[in-house]
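So this one's start-v8.pdb, PDB, C-alpha atoms and all ligand atoms:
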MODEL        1
ATOM      1  CA  MET Z   1     -21.789   2.791  -3.155
ATOM      2  CA  ILE Z   2     -18.152   1.809  -3.633
ATOM      3  CA  SER Z   3     -18.010   0.654  -0.088
ATOM      4  CA  GLU Z   4     -21.174  -1.482  -0.496
ATOM      5  CA  THR Z   5     -19.784  -3.106  -3.652
ATOM      6  CA  ILE Z   6     -16.484  -3.934  -1.990
ATOM      7  CA  LYS Z   7     -18.157  -5.404   1.084
ATOM      8  CA  LYS Z   8     -20.422  -7.522  -1.106
ATOM      9  CA  ASN Z   9     -17.413  -8.776  -3.094
ATOM     10  CA  LEU Z  10     -15.579  -9.613   0.123
ATOM     11  CA  SER Z  11     -18.523 -11.557   1.422
ATOM     12  CA  ASN Z  12     -18.835 -13.451  -1.900
ATOM     13  CA  VAL Z  13     -15.155 -14.392  -1.811
ATOM     14  CA  GLN Z  14     -15.447 -15.511   1.795
ATOM     15  CA  GLN Z  15     -18.507 -17.594   0.912
ATOM     16  CA  ALA Z  16     -16.612 -19.203  -1.976
ATOM     17  CA  ILE Z  17     -13.777 -20.069   0.428
ATOM     18  CA  ASN Z  18     -16.284 -21.604   2.852
ATOM     19  CA  ASN Z  19     -17.836 -23.672   0.057
ATOM     20  CA  ALA Z  20     -14.438 -24.903  -1.127
ATOM     21  CA  CYS Z  21     -13.633 -25.880   2.473
ATOM     22  CA  LEU Z  22     -16.876 -27.839   2.698
ATOM     23  CA  ARG Z  23     -16.081 -29.709  -0.523
ATOM     24  CA  ALA Z  24     -12.615 -30.555   0.787
ATOM     25  CA  GLY Z  25     -13.674 -31.439   4.336
ATOM     26  CA  ARG Z  26     -11.695 -28.518   5.730
ATOM     27  CA  THR Z  27     -12.484 -25.827   8.287
ATOM     28  CA  ALA Z  28     -12.912 -22.287   6.956
ATOM     29  CA  ALA Z  29     -11.050 -20.926   9.985
ATOM     30  CA  ASP Z  30      -7.922 -22.637   8.616
ATOM     31  CA  VAL Z  31      -7.875 -20.470   5.491
ATOM     32  CA  GLN Z  32      -6.774 -16.878   5.743
ATOM     33  CA  LEU Z  33      -7.777 -14.348   3.100
ATOM     34  CA  VAL Z  34      -5.150 -11.760   2.197
ATOM     35  CA  ALA Z  35      -6.906  -8.854   0.476
ATOM     36  CA  VAL Z  36      -4.440  -7.738  -2.187
ATOM     37  CA  THR Z  37      -4.597  -3.959  -2.360
ATOM     38  CA  LYS Z  38      -1.669  -3.226  -4.682
ATOM     39  CA  TYR Z  39      -3.945  -1.495  -7.217
ATOM     40  CA  ALA Z  40      -6.533  -0.282  -4.710
ATOM     41  CA  GLU Z  41      -7.071   3.321  -3.780
ATOM     42  CA  TRP Z  42      -6.801   4.119  -0.094
ATOM     43  CA  GLU Z  43     -10.543   4.750   0.073
ATOM     44  CA  TRP Z  44     -11.140   1.158  -1.067
ATOM     45  CA  VAL Z  45      -8.740  -0.153   1.546
ATOM     46  CA  MET Z  46     -10.670   1.767   4.178
ATOM     47  CA  ALA Z  47     -13.933   0.266   2.912
ATOM     48  CA  LEU Z  48     -12.448  -3.201   3.424
ATOM     49  CA  ALA Z  49     -10.981  -2.227   6.761
ATOM     50  CA  ALA Z  50     -14.455  -2.059   8.251
ATOM     51  CA  CYS Z  51     -14.605  -5.856   8.065
ATOM     52  CA  HIS Z  52     -11.120  -7.115   7.208
ATOM     53  CA  THR Z  53      -7.629  -6.728   8.658
ATOM     54  CA  THR Z  54      -5.148  -8.630   6.486
ATOM     55  CA  PHE Z  55      -3.825  -6.920   3.388
ATOM     56  CA  GLY Z  56      -1.229  -7.780   0.752
ATOM     57  CA  GLU Z  57       0.980  -5.336  -1.096
ATOM     58  CA  ASN Z  58       3.457  -5.887  -3.892
ATOM     59  CA  ARG Z  59       5.873  -3.069  -3.251
ATOM     60  CA  PRO Z  60       7.697  -2.566   0.060
ATOM     61  CA  GLN Z  61       7.456   1.216  -0.214
ATOM     62  CA  GLN Z  62       3.663   1.298  -0.589
ATOM     63  CA  LEU Z  63       3.331  -1.384   2.085
ATOM     64  CA  ALA Z  64       5.364   0.693   4.536
ATOM     65  CA  GLU Z  65       3.346   3.842   3.850
ATOM     66  CA  ARG Z  66       0.037   2.061   4.276
ATOM     67  CA  GLN Z  67       1.163   0.115   7.328
ATOM     68  CA  LYS Z  68       2.012   3.419   9.032
ATOM     69  CA  LEU Z  69      -1.443   4.788   8.155
ATOM     70  CA  PHE Z  70      -3.189   1.651   9.429
ATOM     71  CA  PRO Z  71      -0.871  -0.121  11.873
ATOM     72  CA  ASP Z  72      -3.599  -2.248  13.449
ATOM     73  CA  ALA Z  73      -3.937  -4.303  10.257
ATOM     74  CA  ASN Z  74      -1.567  -7.086   9.178
ATOM     75  CA  TRP Z  75       0.338  -6.108   6.060
ATOM     76  CA  HIS Z  76       1.817  -8.933   3.987
ATOM     77  CA  LEU Z  77       4.459  -8.415   1.338
ATOM     78  CA  ILE Z  78       3.605 -10.604  -1.657
ATOM     79  CA  GLY Z  79       5.756  -9.082  -4.426
ATOM     80  CA  GLN Z  80       9.396  -9.542  -5.298
ATOM     81  CA  LEU Z  81      11.773  -8.132  -2.706
ATOM     82  CA  GLN Z  82      15.061  -6.449  -3.636
ATOM     83  CA  ARG Z  83      17.862  -6.628  -1.106
ATOM     84  CA  ASN Z  84      17.948  -2.846  -0.616
ATOM     85  CA  LYS Z  85      14.272  -2.882   0.489
ATOM     86  CA  ALA Z  86      14.615  -5.882   2.796
ATOM     87  CA  LYS Z  87      14.969  -3.854   5.973
ATOM     88  CA  LEU Z  88      11.887  -1.785   5.155
ATOM     89  CA  ALA Z  89       9.975  -4.998   4.492
ATOM     90  CA  VAL Z  90      11.022  -6.522   7.817
ATOM     91  CA  GLN Z  91      10.009  -3.390   9.698
ATOM     92  CA  HIS Z  92       6.504  -3.187   8.245
ATOM     93  CA  SER Z  93       5.387  -6.693   7.205
ATOM     94  CA  ALA Z  94       3.586  -9.250   9.333
ATOM     95  CA  LEU Z  95       4.571 -11.883   6.751
ATOM     96  CA  ILE Z  96       6.866 -11.813   3.703
ATOM     97  CA  HIS Z  97       5.528 -14.310   1.103
ATOM     98  CA  SER Z  98       8.189 -13.783  -1.526
ATOM     99  CA  VAL Z  99      11.547 -15.061  -0.275
ATOM    100  CA  ASP Z 100      12.876 -16.436  -3.528
ATOM    101  CA  SER Z 101      16.565 -17.166  -2.838
ATOM    102  CA  LEU Z 102      18.899 -18.376  -0.112
ATOM    103  CA  SER Z 103      20.816 -15.098  -0.216
ATOM    104  CA  LEU Z 104      17.649 -13.066   0.403
ATOM    105  CA  LEU Z 105      16.747 -15.376   3.287
ATOM    106  CA  GLN Z 106      20.220 -14.900   4.763
ATOM    107  CA  SER Z 107      19.907 -11.102   4.432
ATOM    108  CA  LEU Z 108      16.588 -11.231   6.270
ATOM    109  CA  ALA Z 109      18.243 -13.289   9.010
ATOM    110  CA  ASN Z 110      20.969 -10.635   9.376
ATOM    111  CA  ILE Z 111      18.455  -7.806   9.417
ATOM    112  CA  GLY Z 112      16.406  -9.648  12.017
ATOM    113  CA  GLN Z 113      19.478  -9.930  14.245
ATOM    114  CA  GLN Z 114      20.293  -6.229  13.803
ATOM    115  CA  LEU Z 115      16.748  -5.152  14.621
ATOM    116  CA  GLN Z 116      16.261  -7.848  17.258
ATOM    117  CA  VAL Z 117      13.105  -9.195  15.610
ATOM    118  CA  ARG Z 118      12.313 -12.527  13.955
ATOM    119  CA  PRO Z 119      11.043 -11.874  10.444
ATOM    120  CA  ARG Z 120       8.125 -14.187   9.490
ATOM    121  CA  VAL Z 121       8.508 -15.511   5.973
ATOM    122  CA  LEU Z 122       7.349 -17.955   3.329
ATOM    123  CA  LEU Z 123       9.674 -19.403   0.710
ATOM    124  CA  GLN Z 124       8.381 -18.774  -2.791
ATOM    125  CA  VAL Z 125       8.705 -21.903  -4.899
ATOM    126  CA  ASN Z 126       8.423 -22.062  -8.654
ATOM    127  CA  VAL Z 127       6.750 -25.466  -8.769
ATOM    128  CA  SER Z 128       5.428 -25.100 -12.299
ATOM    129  CA  GLY Z 129       8.956 -24.474 -13.603
ATOM    130  CA  GLU Z 130       7.796 -21.561 -15.797
ATOM    131  CA  LEU Z 131      10.811 -19.488 -16.797
ATOM    132  CA  SER Z 132       9.005 -16.207 -16.216
ATOM    133  CA  LYS Z 133       8.257 -17.005 -12.575
ATOM    134  CA  SER Z 134      10.559 -16.212  -9.700
ATOM    135  CA  GLY Z 135      11.060 -18.450  -6.715
ATOM    136  CA  PHE Z 136      13.212 -21.411  -5.779
ATOM    137  CA  GLU Z 137      13.272 -24.181  -8.340
ATOM    138  CA  LYS Z 138      12.528 -27.474  -6.619
ATOM    139  CA  ASP Z 139      16.076 -28.814  -7.104
ATOM    140  CA  GLU Z 140      17.556 -25.563  -5.914
ATOM    141  CA  LEU Z 141      15.479 -25.771  -2.737
ATOM    142  CA  LEU Z 142      16.536 -29.369  -2.109
ATOM    143  CA  ASN Z 143      20.214 -28.481  -2.603
ATOM    144  CA  ALA Z 144      20.039 -25.439  -0.346
ATOM    145  CA  TRP Z 145      17.786 -27.056   2.236
ATOM    146  CA  ASP Z 146      20.292 -27.499   5.086
ATOM    147  CA  ARG Z 147      21.380 -23.853   4.762
ATOM    148  CA  VAL Z 148      17.741 -22.730   4.530
ATOM    149  CA  VAL Z 149      16.934 -24.542   7.756
ATOM    150  CA  GLU Z 150      19.928 -22.951   9.524
ATOM    151  CA  CYS Z 151      18.267 -19.552   8.964
ATOM    152  CA  GLN Z 152      15.381 -20.710  11.152
ATOM    153  CA  GLN Z 153      17.576 -19.647  14.077
ATOM    154  CA  CYS Z 154      16.823 -16.013  13.233
ATOM    155  CA  VAL Z 155      13.801 -16.168  10.909
ATOM    156  CA  ASP Z 156      10.423 -17.885  11.261
ATOM    157  CA  ILE Z 157      10.088 -19.872   8.046
ATOM    158  CA  VAL Z 158       6.427 -20.822   8.288
ATOM    159  CA  GLY Z 159       5.732 -22.348   4.873
ATOM    160  CA  PHE Z 160       5.718 -22.014   1.105
ATOM    161  CA  MET Z 161       4.119 -19.728  -1.467
ATOM    162  CA  THR Z 162       3.570 -20.292  -5.164
ATOM    163  CA  MET Z 163       1.901 -18.757  -8.190
ATOM    164  CA  ALA Z 164       0.201 -20.976 -10.745
ATOM    165  CA  PRO Z 165       0.638 -20.231 -14.467
ATOM    166  CA  ALA Z 166      -1.932 -17.656 -15.609
ATOM    167  CA  CYS Z 167      -4.776 -19.495 -17.308
ATOM    168  CA  GLU Z 168      -8.511 -19.051 -17.957
ATOM    169  CA  ASP Z 169      -9.298 -22.481 -16.558
ATOM    170  CA  PRO Z 170      -8.769 -22.737 -12.783
ATOM    171  CA  GLU Z 171      -8.457 -26.521 -13.087
ATOM    172  CA  ALA Z 172      -5.154 -25.953 -14.883
ATOM    173  CA  ALA Z 173      -3.706 -24.662 -11.616
ATOM    174  CA  ARG Z 174      -4.603 -27.771  -9.616
ATOM    175  CA  SER Z 175      -1.427 -29.723 -10.318
ATOM    176  CA  THR Z 176       0.751 -26.752  -9.316
ATOM    177  CA  PHE Z 177      -1.072 -26.503  -5.980
ATOM    178  CA  ARG Z 178      -0.948 -30.240  -5.441
ATOM    179  CA  ASN Z 179       2.799 -30.242  -6.129
ATOM    180  CA  LEU Z 180       3.395 -27.465  -3.594
ATOM    181  CA  PHE Z 181       1.411 -29.404  -0.989
ATOM    182  CA  ALA Z 182       3.484 -32.535  -1.680
ATOM    183  CA  LEU Z 183       6.728 -30.580  -1.532
ATOM    184  CA  ARG Z 184       5.736 -29.156   1.837
ATOM    185  CA  GLU Z 185       5.031 -32.672   3.164
ATOM    186  CA  GLU Z 186       8.421 -33.806   1.890
ATOM    187  CA  MET Z 187      10.402 -30.898   3.315
ATOM    188  CA  ALA Z 188       8.580 -30.801   6.661
ATOM    189  CA  SER Z 189       9.466 -34.443   7.206
ATOM    190  CA  SER Z 190      13.153 -33.945   6.324
ATOM    191  CA  ALA Z 191      15.615 -34.653   9.131
ATOM    192  CA  ALA Z 192      16.870 -31.042   9.140
ATOM    193  CA  ALA Z 193      13.379 -29.548   9.456
ATOM    194  CA  MET Z 194      12.382 -32.010  12.174
ATOM    195  CA  ALA Z 195      15.564 -31.269  14.127
ATOM    196  CA  HIS Z 196      14.703 -27.554  14.120
ATOM    197  CA  GLY Z 197      11.000 -28.037  14.831
ATOM    198  CA  MET Z 198      10.188 -26.495  11.457
ATOM    199  CA  THR Z 199       6.705 -27.706  10.517
ATOM    200  CA  LEU Z 200       5.904 -25.377   7.569
ATOM    201  CA  PRO Z 201       2.187 -25.056   8.393
ATOM    202  CA  GLU Z 202       1.354 -22.336   5.857
ATOM    203  CA  LEU Z 203       0.713 -22.712   2.118
ATOM    204  CA  SER Z 204       0.064 -19.402   0.343
ATOM    205  CA  MET Z 205      -1.521 -20.264  -2.989
ATOM    206  CA  GLY Z 206      -4.498 -19.134  -5.054
ATOM    207  CA  MET Z 207      -5.473 -15.740  -6.496
ATOM    208  CA  SER Z 208      -8.729 -14.319  -7.900
ATOM    209  CA  GLY Z 209      -8.914 -16.840 -10.754
ATOM    210  CA  ASP Z 210      -8.010 -19.994  -8.872
ATOM    211  CA  PHE Z 211      -8.348 -19.601  -5.091
ATOM    212  CA  GLU Z 212     -11.193 -22.118  -4.808
ATOM    213  CA  VAL Z 213      -9.059 -24.841  -6.378
ATOM    214  CA  ALA Z 214      -6.170 -23.796  -4.116
ATOM    215  CA  VAL Z 215      -8.356 -24.197  -1.014
ATOM    216  CA  GLU Z 216      -9.427 -27.648  -2.201
ATOM    217  CA  GLU Z 217      -5.725 -28.511  -2.502
ATOM    218  CA  GLY Z 218      -4.781 -27.334   0.984
ATOM    219  CA  ALA Z 219      -4.062 -23.593   0.808
ATOM    220  CA  THR Z 220      -3.981 -21.966   4.251
ATOM    221  CA  ILE Z 221      -3.572 -18.463   2.783
ATOM    222  CA  VAL Z 222      -5.172 -17.166  -0.422
ATOM    223  CA  ARG Z 223      -4.187 -13.837  -2.012
ATOM    224  CA  VAL Z 224      -7.161 -12.219  -3.712
ATOM    225  CA  GLY Z 225      -7.130  -8.782  -5.340
ATOM    226  CA  SER Z 226      -9.189  -8.078  -8.448
ATOM    227  CA  ARG Z 227     -12.242 -10.090  -7.335
ATOM    228  CA  LEU Z 228     -12.643  -7.751  -4.354
ATOM    229  CA  PHE Z 229     -12.754  -4.662  -6.510
ATOM    230  CA  GLU Z 230     -14.996  -5.895  -9.318
ATOM    231  CA  GLY Z 231     -17.594  -3.315 -10.284
ATOM    232  CA  VAL Z 232     -15.903  -0.511  -8.344
TER
HETATM  233  C1  LIG P 301      -1.509  -9.250  -7.670
HETATM  234  C2  LIG P 301      -1.167 -10.503  -6.957
HETATM  235  C3  LIG P 301      -2.171 -11.313  -6.412
HETATM  236  C4  LIG P 301      -3.648 -11.032  -6.574
HETATM  237  O1  LIG P 301      -4.008 -11.192  -7.909
HETATM  238  P1  LIG P 301      -5.561 -11.099  -8.361
HETATM  239  O2  LIG P 301      -5.588 -11.907  -9.598
HETATM  240  O3  LIG P 301      -5.825  -9.657  -8.580
HETATM  241  O4  LIG P 301      -6.375 -11.695  -7.291
HETATM  242  C5  LIG P 301      -1.778 -12.436  -5.705
HETATM  243  N1  LIG P 301      -0.481 -12.753  -5.539
HETATM  244  C6  LIG P 301       0.518 -11.993  -6.046
HETATM  245  C7  LIG P 301       1.928 -12.407  -5.822
HETATM  246  C8  LIG P 301       0.204 -10.855  -6.779
HETATM  247  O5  LIG P 301       1.195 -10.117  -7.283
ENDMDL
END

Represent the structure of the file as structure tokens.
Amino acid sequence: MISETIKKNLSNVQQAINNACLRAGRTAADVQLVAVTKYAEWEWVMALAACHTTFGENRPQQLAERQKLFPDANWHLIGQLQRNKAKLAVQHSALIHSVDSLSLLQSLANIGQQLQVRPRVLLQVNVSGELSKSGFEKDELLNAWDRVVECQQCVDIVGFMTMAPACEDPEAARSTFRNLFALREEMASSAAAMAHGMTLPELSMGMSGDFEVAVEEGATIVRVGSRLFEGV
């Protein structure tokens, strides 16, 4: 029963992504769904695993445990990362969405060198400017940009992530998503990024309440949790 409900929810979310792609003239294959399992029991994860292989976790510890149990899936870290958990995150994450400072990025670069791997990351940007949100402020990102790009030597910086302000109306999130898209265009065309071949293809934006709007505005990754577990 649980498993049927979860599969139905997954298929509804995927259909909604397809429809949003159609409206925006995009290809559904260009949007990746990260199933956010931070509150999900392992049994629910296994129900999803029958038809899905990309999962998002908030906490490095839980991500590492689950990645070891199910190493064939891609585990993305979407929650805030403390420096003392950075190594664990690098060892177990296919993508870290939540790099919110230059110093964290530099730590990941050092860890990557130590472990002889290239961590794959997104820079989290606080485009809405809400005080409660973490992430680079736009000005901070612009000021740090040359040093950010230097880290590309050891880290794959593949794009940006943002969270829109929580709101009942998904339309309220549209300007946040549009601003992240515009910022990506601006930074990808900067001289420093071009010199390092840094094209920033990925935009991780949109959650259960607003992923359809995010897809319309160019999201390449959506992070959906509660919608998948409705009715479970
Ligand atoms: C929990 C979480 C999500 C998923 O939120 P839902 O509203 O449950 O879809 C997405 N992104 C981040 C960073 C989260 O912490």

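The smallest atom-to-atom distance between ligand LIG 301 (chain P) and any of Z:Gln152, Z:Gln114, Z:Gln62, Z:Thr162, using only C-alpha atoms and all ligand atoms, is found for Z:Thr162.
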
Sorted per-residue table, chain Z near ligand LIG 301 (chain P), closest atoms and distance, 7 Å, only C-alpha atoms and all ligand atoms, as a tab-separated table:
residue	atom	partner	partner_atom	distance
Z:Val36	CA	P:LIG301	C4	5.5
Z:Lys38	CA	P:LIG301	C1	6.7
Z:Asn58	CA	P:LIG301	O5	5.9
Z:Ile78	CA	P:LIG301	C7	4.8
Z:Gly79	CA	P:LIG301	C7	5.3
Z:Met163	CA	P:LIG301	C7	6.8
Z:Met207	CA	P:LIG301	O4	4.2
Z:Ser208	CA	P:LIG301	O4	3.6
Z:Gly209	CA	P:LIG301	O2	6.1
Z:Arg223	CA	P:LIG301	C5	4.6
Z:Val224	CA	P:LIG301	O4	3.7
Z:Gly225	CA	P:LIG301	O4	3.6
Z:Ser226	CA	P:LIG301	O3	3.7
Z:Arg227	CA	P:LIG301	O4	6.1

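If you measure from each of Z:Glu57, Z:Asn9, Z:Gln15, Z:Glu186 to Z:Leu142 using only C-alpha atoms, the closest one turns out to be Z:Glu186.
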
First collect every listed atom of stretch 183-194 of chain Z; then fit an axis-aligned box around them, widen it by 3 Å on each side, and give centre and edge lengths in Å to one decimal, as AutoDock Vina command-line options.
--center_x 11.0 --center_y -31.9 --center_z 5.3 --size_x 17.8 --size_y 11.5 --size_z 19.7

Inset, instruction - Could you check how far atom CA of Z:Leu102 sits from atom CA of Z:Ser175, in Å to one decimal? - result: 25.4 Å

Legend entry - Spatial neighbours of Z:Ile157, 7 Å, all atoms listed in the file, chain gap at least 2 places, as a list in words: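 Returned residues: Arg120, Val121, Leu122, Gln152, Val155, Gly159 and Leu200 of chain Z.
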
Inset, instruction - Could you check which of Z:Asn143, Z:Leu77, Z:Glu150, Z:Glu130 is closest to Z:Gln106, using all atoms listed in the file? - result: Z:Glu150

Inset, instruction - Record the distance separating atom CA of Z:Val149 and atom CA of Z:Ser190, expressed in Å with one decimal. - result: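 If I compute the distance from atom CA of Z:Val149 to atom CA of Z:Ser190, I get 10.2 Å.
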
Residue rebuild result stretch 152-176 of chain Z, N, CA, C and O atoms as a short mmCIF file (atom, residue, chain, number, x, y, z; two decimals), in the coordinates of the input:
data_model
loop_
_atom_site.label_atom_id
_atom_site.label_comp_id
_atom_site.auth_asym_id
_atom_site.auth_seq_id
_atom_site.Cartn_x
_atom_site.Cartn_y
_atom_site.Cartn_z
N GLN Z 152 16.50 -20.65 10.20
CA GLN Z 152 15.38 -20.71 11.15
C GLN Z 152 15.80 -20.22 12.55
O GLN Z 152 14.96 -19.82 13.34
N GLN Z 153 17.10 -20.20 12.80
CA GLN Z 153 17.58 -19.65 14.08
C GLN Z 153 17.19 -18.19 14.26
O GLN Z 153 16.99 -17.73 15.37
N CYS Z 154 17.10 -17.46 13.14
CA CYS Z 154 16.82 -16.01 13.23
C CYS Z 154 15.54 -15.60 12.52
O CYS Z 154 15.11 -14.45 12.64
N VAL Z 155 14.97 -16.51 11.73
CA VAL Z 155 13.80 -16.17 10.91
C VAL Z 155 12.75 -17.25 11.12
O VAL Z 155 13.10 -18.42 11.22
N ASP Z 156 11.48 -16.87 11.21
CA ASP Z 156 10.42 -17.89 11.26
C ASP Z 156 10.01 -18.25 9.84
O ASP Z 156 9.30 -17.48 9.18
N ILE Z 157 10.46 -19.40 9.39
CA ILE Z 157 10.09 -19.87 8.05
C ILE Z 157 8.84 -20.73 8.23
O ILE Z 157 8.92 -21.86 8.72
N VAL Z 158 7.68 -20.16 7.90
CA VAL Z 158 6.43 -20.82 8.29
C VAL Z 158 5.75 -21.57 7.14
O VAL Z 158 4.70 -22.16 7.35
N GLY Z 159 6.34 -21.57 5.95
CA GLY Z 159 5.73 -22.35 4.87
C GLY Z 159 6.19 -21.90 3.51
O GLY Z 159 7.23 -21.24 3.38
N PHE Z 160 5.37 -22.27 2.51
CA PHE Z 160 5.72 -22.01 1.10
C PHE Z 160 4.64 -21.17 0.42
O PHE Z 160 3.47 -21.20 0.81
N MET Z 161 5.05 -20.49 -0.63
CA MET Z 161 4.12 -19.73 -1.47
C MET Z 161 4.39 -20.10 -2.92
O MET Z 161 5.54 -20.39 -3.28
N THR Z 162 3.35 -20.12 -3.73
CA THR Z 162 3.57 -20.29 -5.16
C THR Z 162 2.53 -19.53 -5.97
O THR Z 162 1.51 -19.09 -5.44
N MET Z 163 2.85 -19.32 -7.23
CA MET Z 163 1.90 -18.76 -8.19
C MET Z 163 1.73 -19.78 -9.31
O MET Z 163 2.70 -20.29 -9.84
N ALA Z 164 0.47 -20.05 -9.65
CA ALA Z 164 0.20 -20.98 -10.74
C ALA Z 164 0.32 -20.21 -12.07
O ALA Z 164 0.15 -18.99 -12.09
N PRO Z 165 0.61 -20.91 -13.16
CA PRO Z 165 0.64 -20.23 -14.47
C PRO Z 165 -0.71 -19.56 -14.74
O PRO Z 165 -1.75 -20.11 -14.38
N ALA Z 166 -0.68 -18.36 -15.29
CA ALA Z 166 -1.93 -17.66 -15.61
C ALA Z 166 -2.70 -18.45 -16.65
O ALA Z 166 -2.14 -18.88 -17.66
N CYS Z 167 -3.98 -18.68 -16.38
CA CYS Z 167 -4.78 -19.50 -17.31
C CYS Z 167 -6.25 -19.21 -17.06
O CYS Z 167 -6.66 -18.93 -15.93
N GLU Z 168 -7.07 -19.28 -18.10
CA GLU Z 168 -8.51 -19.05 -17.96
C GLU Z 168 -9.16 -20.12 -17.08
O GLU Z 168 -10.08 -19.85 -16.33
N ASP Z 169 -8.66 -21.35 -17.22
CA ASP Z 169 -9.30 -22.48 -16.56
C ASP Z 169 -8.64 -22.75 -15.21
O ASP Z 169 -7.48 -23.16 -15.15
N PRO Z 170 -9.37 -22.52 -14.10
CA PRO Z 170 -8.77 -22.74 -12.78
C PRO Z 170 -8.27 -24.16 -12.57
O PRO Z 170 -7.33 -24.39 -11.81
N GLU Z 171 -8.90 -25.12 -13.24
CA GLU Z 171 -8.46 -26.52 -13.09
C GLU Z 171 -7.00 -26.71 -13.50
O GLU Z 171 -6.31 -27.60 -13.02
N ALA Z 172 -6.54 -25.84 -14.40
CA ALA Z 172 -5.15 -25.95 -14.88
C ALA Z 172 -4.15 -25.69 -13.76
O ALA Z 172 -3.00 -26.09 -13.84
N ALA Z 173 -4.61 -25.00 -12.72
CA ALA Z 173 -3.71 -24.66 -11.62
C ALA Z 173 -3.60 -25.79 -10.59
O ALA Z 173 -2.71 -25.79 -9.74
N ARG Z 174 -4.51 -26.77 -10.68
CA ARG Z 174 -4.60 -27.77 -9.62
C ARG Z 174 -3.29 -28.53 -9.40
O ARG Z 174 -2.86 -28.74 -8.26
N SER Z 175 -2.64 -28.91 -10.49
CA SER Z 175 -1.43 -29.72 -10.32
C SER Z 175 -0.32 -28.90 -9.66
O SER Z 175 0.46 -29.43 -8.87
N THR Z 176 -0.25 -27.61 -9.97
CA THR Z 176 0.75 -26.75 -9.32
C THR Z 176 0.52 -26.74 -7.81
O THR Z 176 1.44 -26.90 -7.01
#
